[in-house]
$ cat coords12.cif   # mmCIF, C-alpha atoms
data_my_file
#
loop_
_atom_site.label_atom_id
_atom_site.label_comp_id
_atom_site.auth_asym_id
_atom_site.auth_seq_id
_atom_site.Cartn_x
_atom_site.Cartn_y
_atom_site.Cartn_z
CA MET O 22 -64.76 -24.67 11.11
CA LYS O 23 -62.73 -26.72 8.72
CA PHE O 24 -61.61 -23.52 6.98
CA ARG O 25 -60.60 -22.09 10.33
CA ARG O 26 -58.59 -25.19 11.18
CA ASP O 27 -56.74 -25.02 7.83
CA THR O 28 -55.97 -21.37 8.35
CA GLY O 29 -54.70 -22.15 11.79
CA ALA O 30 -52.48 -24.90 10.42
CA GLU O 31 -51.19 -22.60 7.71
CA SER O 32 -50.45 -19.84 10.16
CA GLU O 33 -48.77 -22.39 12.40
CA THR O 34 -46.58 -23.47 9.48
CA THR O 35 -45.80 -19.86 8.65
CA ARG O 36 -44.97 -19.14 12.26
CA GLU O 37 -42.69 -22.15 12.33
CA GLU O 38 -41.00 -20.99 9.10
CA VAL O 39 -40.48 -17.51 10.47
CA ARG O 40 -39.10 -18.91 13.72
CA ALA O 41 -36.73 -21.19 11.82
CA MET O 42 -35.63 -18.33 9.63
CA ALA O 43 -35.08 -16.02 12.59
CA GLU O 44 -33.01 -18.72 14.24
CA ALA O 45 -31.02 -19.29 11.06
CA LEU O 46 -30.36 -15.57 10.69
CA SER O 47 -29.25 -15.37 14.30
CA LEU O 48 -26.90 -18.31 13.81
CA TYR O 49 -25.64 -16.80 10.59
CA ARG O 50 -24.90 -13.52 12.36
CA SER O 51 -23.03 -15.31 15.14
CA ALA O 52 -21.07 -17.36 12.62
CA MET O 53 -20.12 -14.35 10.54
CA ARG O 54 -19.05 -12.38 13.59
CA HIS O 55 -16.97 -15.27 14.83
CA ILE O 56 -15.32 -15.74 11.44
CA ALA O 57 -14.69 -12.01 11.03
CA GLU O 58 -13.05 -11.88 14.47
CA ARG O 59 -10.89 -14.85 13.56
CA GLU O 60 -9.90 -13.29 10.25
CA ALA O 61 -9.19 -9.94 11.89
CA ALA O 62 -6.97 -11.62 14.49
CA HIS O 63 -5.18 -13.60 11.80
CA PHE O 64 -4.76 -10.49 9.70
CA ARG O 65 -3.32 -8.57 12.65
CA VAL O 66 -0.63 -11.20 13.19
CA VAL O 67 0.41 -11.29 9.56
CA GLU O 68 0.29 -7.60 8.76
CA PRO O 69 1.54 -4.54 10.59
CA ARG O 70 -0.99 -2.05 11.92
CA PRO O 71 -3.06 -0.84 8.98
CA GLY O 72 -2.90 2.80 9.96
CA ARG O 73 0.86 2.68 9.98
CA SER O 74 1.00 0.58 6.86
CA ILE O 75 -1.10 3.20 5.12
CA ARG O 76 1.32 5.92 6.15
CA PHE O 77 4.29 3.73 5.39
CA GLY O 78 2.85 2.95 1.99
CA MET O 79 2.28 6.61 1.32
CA LEU O 80 5.91 7.31 2.17
CA LEU O 81 7.17 4.28 0.36
CA ALA O 82 5.64 5.14 -3.00
CA PRO O 83 7.60 8.41 -3.54
CA ALA O 84 10.75 6.80 -2.15
CA LEU O 85 10.46 3.93 -4.61
CA THR O 86 9.81 6.36 -7.45
CA ALA O 87 12.89 8.36 -6.49
CA ALA O 88 15.00 5.21 -6.29
CA VAL O 89 13.85 4.01 -9.71
CA ALA O 90 14.45 7.45 -11.21
CA ALA O 91 17.94 7.55 -9.69
CA ALA O 92 18.69 4.05 -10.95
CA VAL O 93 17.77 5.13 -14.49
CA LEU O 94 19.18 8.65 -14.56
CA VAL O 95 22.54 8.12 -12.83
CA PRO O 96 23.90 5.58 -15.36
CA VAL O 97 22.66 7.75 -18.24
CA TYR O 98 24.32 10.83 -16.77
CA GLY O 99 27.52 8.88 -16.11
CA HIS O 100 27.49 7.47 -19.62
CA LEU O 101 27.12 10.94 -21.17
CA HIS O 102 29.91 12.44 -19.10
CA HIS O 103 32.20 9.44 -19.51
CA HIS O 104 33.01 10.39 -23.14
CA THR O 105 33.84 14.00 -22.45
CA PRO O 106 37.64 14.45 -22.19
CA ALA O 107 38.92 15.48 -18.81
CA PRO O 108 42.70 15.63 -19.01
CA ALA O 109 43.26 16.96 -15.55
CA VAL O 110 41.32 14.09 -14.06
CA VAL O 111 43.18 11.54 -16.20
CA VAL O 112 46.55 12.89 -15.15
CA LYS O 113 45.57 12.82 -11.54
CA THR O 114 44.30 9.27 -11.64
CA SER O 115 47.16 7.95 -13.73
CA GLN O 116 49.80 9.20 -11.35
CA PRO O 117 50.42 6.96 -8.40
CA GLY O 118 50.43 8.37 -4.93
CA PRO O 119 54.18 8.02 -4.10
CA ALA O 120 55.24 9.85 -7.27
CA ASN O 121 53.09 12.75 -6.30
CA THR O 122 54.69 12.82 -2.91
CA LEU O 123 58.15 12.71 -4.48
CA ALA O 124 57.19 15.53 -6.81
CA ASN O 125 55.98 17.53 -3.91
CA VAL O 126 59.16 16.81 -2.00
CA ASP O 127 61.60 17.93 -4.68
CA ASP O 128 59.94 19.80 -7.51
CA THR O 129 63.07 21.55 -8.65
CA VAL O 130 64.93 18.25 -9.26
CA LEU O 131 62.04 16.94 -11.32
CA MET O 132 61.73 20.15 -13.31
CA ASN O 133 65.42 20.13 -14.02
CA GLN O 134 65.21 16.50 -15.14
CA ILE O 135 62.35 17.29 -17.50
CA ASP O 136 64.20 20.36 -18.85
CA SER O 137 67.30 18.33 -19.53
CA GLU O 138 65.29 15.60 -21.30
CA LEU O 139 63.43 18.12 -23.41
CA SER O 140 66.62 20.00 -24.26
CA GLU O 141 68.08 16.85 -25.82
CA ASP O 142 67.56 16.59 -29.60
CA VAL O 143 66.09 13.12 -29.43
CA PRO O 144 65.36 11.19 -26.23
CA ASP O 145 67.04 7.80 -25.87
CA ALA O 146 63.86 5.90 -26.04
CA LEU O 147 62.96 7.49 -29.40
CA ARG O 148 66.35 7.10 -30.95
CA PRO O 149 65.32 4.30 -33.43
CA LEU O 150 62.37 6.37 -34.53
CA ALA O 151 64.69 9.32 -35.07
CA ASP O 152 66.68 7.24 -37.56
CA LEU O 153 63.53 6.29 -39.35
CA SER O 154 62.36 9.86 -39.51
CA SER O 155 65.71 10.93 -40.89
CA GLN O 156 65.42 8.25 -43.57
CA THR O 157 61.94 9.35 -44.48
CA THR O 158 63.10 12.95 -44.56
CA ASN O 159 65.87 11.99 -46.96
CA ALA O 160 63.49 9.96 -49.10
CA SER O 161 61.01 12.79 -49.28
CA ALA O 162 63.81 15.18 -50.19
CA VAL O 163 64.87 12.84 -53.03
CA SER O 164 61.29 12.56 -54.33
CA GLU O 165 60.93 16.31 -54.21
CA LYS O 166 64.14 16.64 -56.24
CA LYS O 167 62.78 14.12 -58.77
CA ASN O 168 59.57 16.08 -59.09
CA VAL O 169 61.53 19.24 -59.66
CA THR O 170 63.66 17.65 -62.40
CA GLN O 171 60.57 16.16 -64.08
CA GLU O 172 58.99 19.59 -64.17
CA MET Y 24 -35.32 26.04 22.70
CA GLU Y 25 -35.42 22.42 21.59
CA GLU Y 26 -34.12 23.45 18.20
CA ILE Y 27 -31.12 25.17 19.78
CA ALA Y 28 -30.42 22.13 21.95
CA GLY Y 29 -30.65 19.92 18.86
CA ASN Y 30 -28.21 22.12 16.97
CA GLU Y 31 -25.76 22.08 19.87
CA LEU Y 32 -26.02 18.32 20.04
CA ALA Y 33 -25.32 18.05 16.31
CA ILE Y 34 -22.30 20.36 16.65
CA ASP Y 35 -21.03 18.29 19.58
CA LYS Y 36 -21.37 15.11 17.55
CA ARG Y 37 -19.61 16.73 14.62
CA GLU Y 38 -16.75 17.93 16.78
CA GLN Y 39 -16.51 14.53 18.39
CA ALA Y 40 -16.33 12.86 14.98
CA MET Y 41 -13.67 15.33 13.82
CA LEU Y 42 -11.64 14.74 16.96
CA GLU Y 43 -12.01 11.02 16.50
CA LEU Y 44 -10.76 11.31 12.94
CA ALA Y 45 -7.68 13.24 14.02
CA ASP Y 46 -6.12 10.08 15.45
CA PHE Y 47 -6.36 7.90 12.39
CA ASP Y 48 -4.49 4.97 13.92
CA GLU Y 49 -7.17 4.79 16.55
CA VAL Y 50 -9.90 5.06 13.91
CA VAL Y 51 -8.42 2.07 12.12
CA ARG Y 52 -8.08 0.11 15.34
CA VAL Y 53 -11.68 0.75 16.38
CA TYR Y 54 -13.51 0.45 13.06
CA ARG Y 55 -11.47 -2.04 11.09
CA PRO Y 56 -13.10 -5.17 12.61
CA ARG Y 57 -16.54 -3.87 11.73
CA ILE Y 58 -15.62 -2.92 8.17
CA LEU Y 59 -13.85 -6.24 7.67
CA ARG Y 60 -16.89 -8.09 9.02
CA PHE Y 61 -19.24 -6.24 6.68
CA LEU Y 62 -17.03 -6.89 3.64
CA LEU Y 63 -16.37 -10.49 4.59
CA SER Y 64 -20.09 -11.14 5.06
CA SER Y 65 -20.91 -9.40 1.79
CA LEU Y 66 -18.17 -10.85 -0.40
CA THR Y 67 -17.46 -14.16 1.38
CA ASP Y 68 -13.87 -13.83 0.20
CA ARG Y 69 -11.07 -13.33 2.70
CA ASP Y 70 -8.54 -11.71 0.37
CA ALA Y 71 -11.06 -9.39 -1.24
CA ALA Y 72 -12.44 -8.40 2.17
CA GLU Y 73 -9.00 -7.67 3.59
CA SER Y 74 -7.91 -5.82 0.47
CA LEU Y 75 -11.05 -3.70 0.36
CA THR Y 76 -10.80 -3.01 4.08
CA GLN Y 77 -7.31 -1.60 3.51
CA GLU Y 78 -8.58 0.37 0.54
CA CYS Y 79 -11.49 1.69 2.58
CA PHE Y 80 -9.17 3.16 5.20
CA LEU Y 81 -6.79 4.44 2.55
CA LYS Y 82 -9.68 6.28 0.89
CA ALA Y 83 -10.84 7.57 4.24
CA TRP Y 84 -7.32 8.79 4.99
CA SER Y 85 -7.10 10.52 1.62
CA ALA Y 86 -10.53 12.11 1.99
CA ARG Y 87 -10.33 12.88 5.70
CA HIS Y 88 -10.29 16.62 5.02
CA GLN Y 89 -13.59 16.30 3.17
CA PHE Y 90 -15.29 14.67 6.15
CA ARG Y 91 -17.51 17.36 7.65
CA GLY Y 92 -18.99 15.30 10.43
CA ASP Y 93 -22.51 15.35 9.00
CA SER Y 94 -22.77 11.64 9.71
CA SER Y 95 -21.00 9.50 12.26
CA LEU Y 96 -17.56 8.21 11.44
CA SER Y 97 -18.92 4.68 11.42
CA THR Y 98 -21.58 5.60 8.85
CA TRP Y 99 -19.02 7.42 6.70
CA LEU Y 100 -16.62 4.47 6.71
CA THR Y 101 -19.43 1.99 6.03
CA ARG Y 102 -20.55 4.13 3.08
CA ILE Y 103 -17.04 3.96 1.62
CA ALA Y 104 -17.01 0.19 2.18
CA VAL Y 105 -20.43 -0.22 0.49
CA ASN Y 106 -19.21 1.73 -2.56
CA LEU Y 107 -16.05 -0.36 -2.73
CA MET Y 108 -18.11 -3.53 -2.47
CA ARG Y 109 -20.41 -2.40 -5.30
CA ASP Y 110 -17.45 -1.58 -7.52
CA HIS Y 111 -15.89 -4.92 -6.70
CA LEU Y 112 -19.04 -6.83 -7.59
CA ARG Y 113 -19.55 -4.81 -10.76
CA SER Y 114 -16.11 -5.49 -12.08
CA ARG Y 115 -16.29 -8.12 -14.80
CA CYS Y 116 -12.70 -9.11 -14.32
CA LEU Y 117 -13.27 -9.77 -10.66
CA ARG Y 118 -16.46 -11.62 -11.44
CA PHE Y 119 -14.34 -14.04 -13.41
CA TRP Y 120 -11.88 -14.40 -10.56
CA GLN Y 121 -14.73 -14.91 -8.12
CA LYS Y 122 -15.35 -18.19 -9.83
CA THR Y 123 -11.78 -19.35 -9.46
CA ARG Y 124 -10.76 -17.61 -6.27
CA GLY Y 125 -8.93 -19.66 -3.71
CA SER Y 126 -9.52 -17.47 -0.71
CA SER Y 127 -13.30 -17.72 -0.58
CA LEU Y 128 -14.88 -18.78 2.65
CA ASP Y 129 -15.95 -22.36 2.54
CA VAL Y 130 -19.51 -23.12 3.48
CA LEU Y 131 -18.06 -25.57 6.01
CA ASP Y 132 -16.24 -22.66 7.69
CA ILE Y 133 -19.59 -21.05 8.26
CA SER Y 134 -21.76 -23.99 9.18
CA ASP Y 135 -19.13 -25.69 11.32
CA TRP Y 136 -19.11 -22.79 13.67
CA VAL Y 137 -22.71 -23.31 14.84
CA PRO Y 138 -22.58 -23.54 18.65
CA ASP Y 139 -22.56 -27.11 19.84
CA GLY Y 140 -25.17 -26.61 22.54
CA ARG Y 141 -27.92 -28.45 20.71
CA SER Y 142 -30.04 -31.11 22.33
CA SER Y 143 -29.31 -33.69 19.67
CA PRO Y 144 -26.96 -34.29 16.75
CA GLU Y 145 -29.97 -34.07 14.43
CA SER Y 146 -30.89 -30.56 15.57
CA LEU Y 147 -27.26 -29.54 15.26
CA THR Y 148 -27.19 -30.82 11.69
CA VAL Y 149 -30.43 -29.00 10.88
CA ALA Y 150 -29.01 -25.76 12.32
CA ARG Y 151 -25.82 -26.12 10.28
CA ASP Y 152 -27.82 -26.77 7.13
CA ARG Y 153 -29.89 -23.65 7.75
CA VAL Y 154 -26.82 -21.45 8.26
CA ALA Y 155 -25.22 -22.90 5.14
CA ALA Y 156 -28.44 -22.23 3.20
CA VAL Y 157 -28.50 -18.60 4.37
CA TRP Y 158 -24.85 -18.21 3.44
CA ARG Y 159 -25.43 -19.61 -0.06
CA ALA Y 160 -28.54 -17.46 -0.52
CA VAL Y 161 -26.65 -14.31 0.47
CA GLY Y 162 -24.15 -15.13 -2.27
CA SER Y 163 -26.93 -15.06 -4.83
CA LEU Y 164 -28.26 -11.62 -3.82
CA SER Y 165 -27.60 -8.48 -5.81
CA ALA Y 166 -25.08 -5.98 -4.47
CA GLN Y 167 -27.79 -3.68 -3.12
CA GLN Y 168 -29.80 -6.48 -1.56
CA ARG Y 169 -26.69 -7.97 -0.03
CA ALA Y 170 -25.53 -4.68 1.43
CA VAL Y 171 -28.93 -4.02 2.97
CA PHE Y 172 -29.26 -7.58 4.27
CA VAL Y 173 -25.79 -7.64 5.84
CA LEU Y 174 -26.16 -4.21 7.39
CA ARG Y 175 -29.49 -5.24 8.90
CA PHE Y 176 -28.89 -8.81 9.98
CA VAL Y 177 -25.14 -8.92 10.64
CA GLU Y 178 -24.42 -5.34 11.66
CA GLU Y 179 -27.88 -4.95 13.24
CA MET Y 180 -28.33 -1.42 11.95
CA GLU Y 181 -31.69 0.35 11.96
CA LEU Y 182 -33.39 0.76 8.58
CA ASP Y 183 -33.11 4.56 8.54
CA GLU Y 184 -29.43 4.26 9.42
CA ILE Y 185 -28.99 1.85 6.51
CA ALA Y 186 -30.80 4.31 4.24
CA GLY Y 187 -28.42 7.08 5.31
CA THR Y 188 -25.38 4.87 4.87
CA ILE Y 189 -26.22 3.53 1.45
CA GLY Y 190 -27.82 6.73 0.26
CA MET Y 191 -31.27 5.28 -0.49
CA ASN Y 192 -34.82 6.12 0.47
CA LEU Y 193 -36.19 4.22 3.40
CA SER Y 194 -38.82 2.64 1.16
CA THR Y 195 -36.11 1.42 -1.25
CA VAL Y 196 -34.18 -0.08 1.64
CA LYS Y 197 -37.34 -1.89 2.79
CA SER Y 198 -37.95 -3.11 -0.72
CA HIS Y 199 -34.41 -4.51 -1.06
CA LEU Y 200 -34.65 -6.13 2.34
CA TYR Y 201 -38.02 -7.67 1.52
CA ARG Y 202 -36.70 -9.14 -1.71
CA ALA Y 203 -33.53 -10.38 -0.03
CA LEU Y 204 -35.54 -12.12 2.68
CA ALA Y 205 -37.89 -13.61 0.10
CA ILE Y 206 -34.94 -15.11 -1.78
CA ILE Y 207 -33.36 -16.43 1.41
CA ARG Y 208 -36.63 -17.89 2.59
CA GLU Y 209 -37.11 -19.58 -0.75
CA ARG Y 210 -33.59 -21.00 -0.65
CA MET Y 211 -34.04 -22.19 2.87
CA GLY Y 212 -37.25 -23.89 1.84
CA GLY Y 213 -35.30 -25.62 -0.92
CA ALA Y 214 -32.65 -26.70 1.55
CA LYS Y 215 -35.17 -28.53 3.72
#

$ encode --input "coords12.cif" --output "structure tokens"
Amino acid sequence: MKFRRDTGAESETTREEVRAMAEALSLYRSAMRHIAEREAAHFRVVEPRPGRSIRFGMLLAPALTAAVAAAVLVPVYGHLHHHTPAPAVVVKTSQPGPANTLANVDDTVLMNQIDSELSEDVPDALRPLADLSSQTTNASAVSEKKNVTQE
Amino acid sequence: MEEIAGNELAIDKREQAMLELADFDEVVRVYRPRILRFLLSSLTDRDAAESLTQECFLKAWSARHQFRGDSSLSTWLTRIAVNLMRDHLRSRCLRFWQKTRGSSLDVLDISDWVPDGRSSPESLTVARDRVAAVWRAVGSLSAQQRAVFVLRFVEEMELDEIAGTIGMNLSTVKSHLYRALAIIRERMGGAK
């Protein structure tokens, strides 16, 4: 009988343990569900809808790649083409707008002016240089004569 | 006759799952809380759970054409989440960060939520201690044991459903669950 009583006490203890564990698991489940709901609600406020964010992210990645590629390639391309001479472009940019309009208005006057300036032997602005060049021409002529006499 | 009816039912379920998957925004809206709950219960880390939940749906979106409707959408998503959780727990780098993470759920967060309908403050304290002990014990389980335990006792899934989700035999699922419960029981005994 004593053995029976012990067994009964043991089974009572086991039953109590199982009951306590079942209760703890139930409480744990409730707690986890409550916390997950709270986290999900918090997450929803902070973040946009995940489905859309997934699509947005999928669109954003190629867009970012394209932007980075453009940021790298455009300066390189510009740098390479910056050194190539483009006289037509330089002339166009160097001429102010009003001059162009004047030129368009009276091309014949301008052409005549240019012809007259070119037909002159030496333009006024280059007159001092013309003297110098004449001197150097004389000097070179003298040195040539010297060389000839030495020979 | 029964076989034909069973096949038709399976086809209906498959079509339903495929239709459900077509509206992915709705899929995310419906299943995200459950996936987040599973990952949060398994990892006890808010940031990791949220990050893996996002990754789960991203993977599902990427692989949506491979989904043939053999299982329910819920099972398919949970399977992806279980695999992500395993990878996360396996990662040595993340194991290091698990020790120093700042976004982990505090045991007080868990135990403080115990409903305050107890007869006495003592019983309330005992209940909180028990929940905290379960929470700590779950943290010490292996990835497989944890997945099985959470799917059974938090998600309240049937054992064969768990076996299908995790890709294990039913006997293996029972074995993992038995071991998990033994560890938790032992820890609870220590908490007394």

$ interface_residues --input "coords12.cif" --of "chain Y" --to "chain O" --cutoff "7 Å" --atoms "all atoms listed in the file" --output "number ranges by chain"
Y: 47-48, 51, 56, 59-60, 63-64, 77, 81, 133, 136-137, 150, 153-154, 176-177

$ write_last_selection --input "coords12.cif" --atoms "C-alpha atoms" --output "CSV table (one decimal), in the coordinates of the input"
chain,number,residue,atom,x,y,z
Y,47,PHE,CA,-6.4,7.9,12.4
Y,48,ASP,CA,-4.5,5.0,13.9
Y,51,VAL,CA,-8.4,2.1,12.1
Y,56,PRO,CA,-13.1,-5.2,12.6
Y,59,LEU,CA,-13.8,-6.2,7.7
Y,60,ARG,CA,-16.9,-8.1,9.0
Y,63,LEU,CA,-16.4,-10.5,4.6
Y,64,SER,CA,-20.1,-11.1,5.1
Y,77,GLN,CA,-7.3,-1.6,3.5
Y,81,LEU,CA,-6.8,4.4,2.6
Y,133,ILE,CA,-19.6,-21.0,8.3
Y,136,TRP,CA,-19.1,-22.8,13.7
Y,137,VAL,CA,-22.7,-23.3,14.8
Y,150,ALA,CA,-29.0,-25.8,12.3
Y,153,ARG,CA,-29.9,-23.6,7.8
Y,154,VAL,CA,-26.8,-21.4,8.3
Y,176,PHE,CA,-28.9,-8.8,10.0
Y,177,VAL,CA,-25.1,-8.9,10.6

$ atom_distance --input "coords12.cif" --atom1 "atom CA of Y:Val53" --atom2 "atom CA of Y:Ser95"
13.4 Å

$ atom_distance --input "coords12.cif" --atom1 "atom CA of Y:Met191" --atom2 "atom CA of Y:Ser65"
18.1 Å

$ atom_distance --input "coords12.cif" --atom1 "atom CA of Y:Asn106" --atom2 "atom CA of Y:Arg52"
21.1 Å

$ closest_residue --input "coords12.cif" --among "Y:Ile103, Y:Leu66, Y:Leu112, Y:Ala160" --to "Y:Ser85" --atoms "all atoms listed in the file"
Y:Ile103
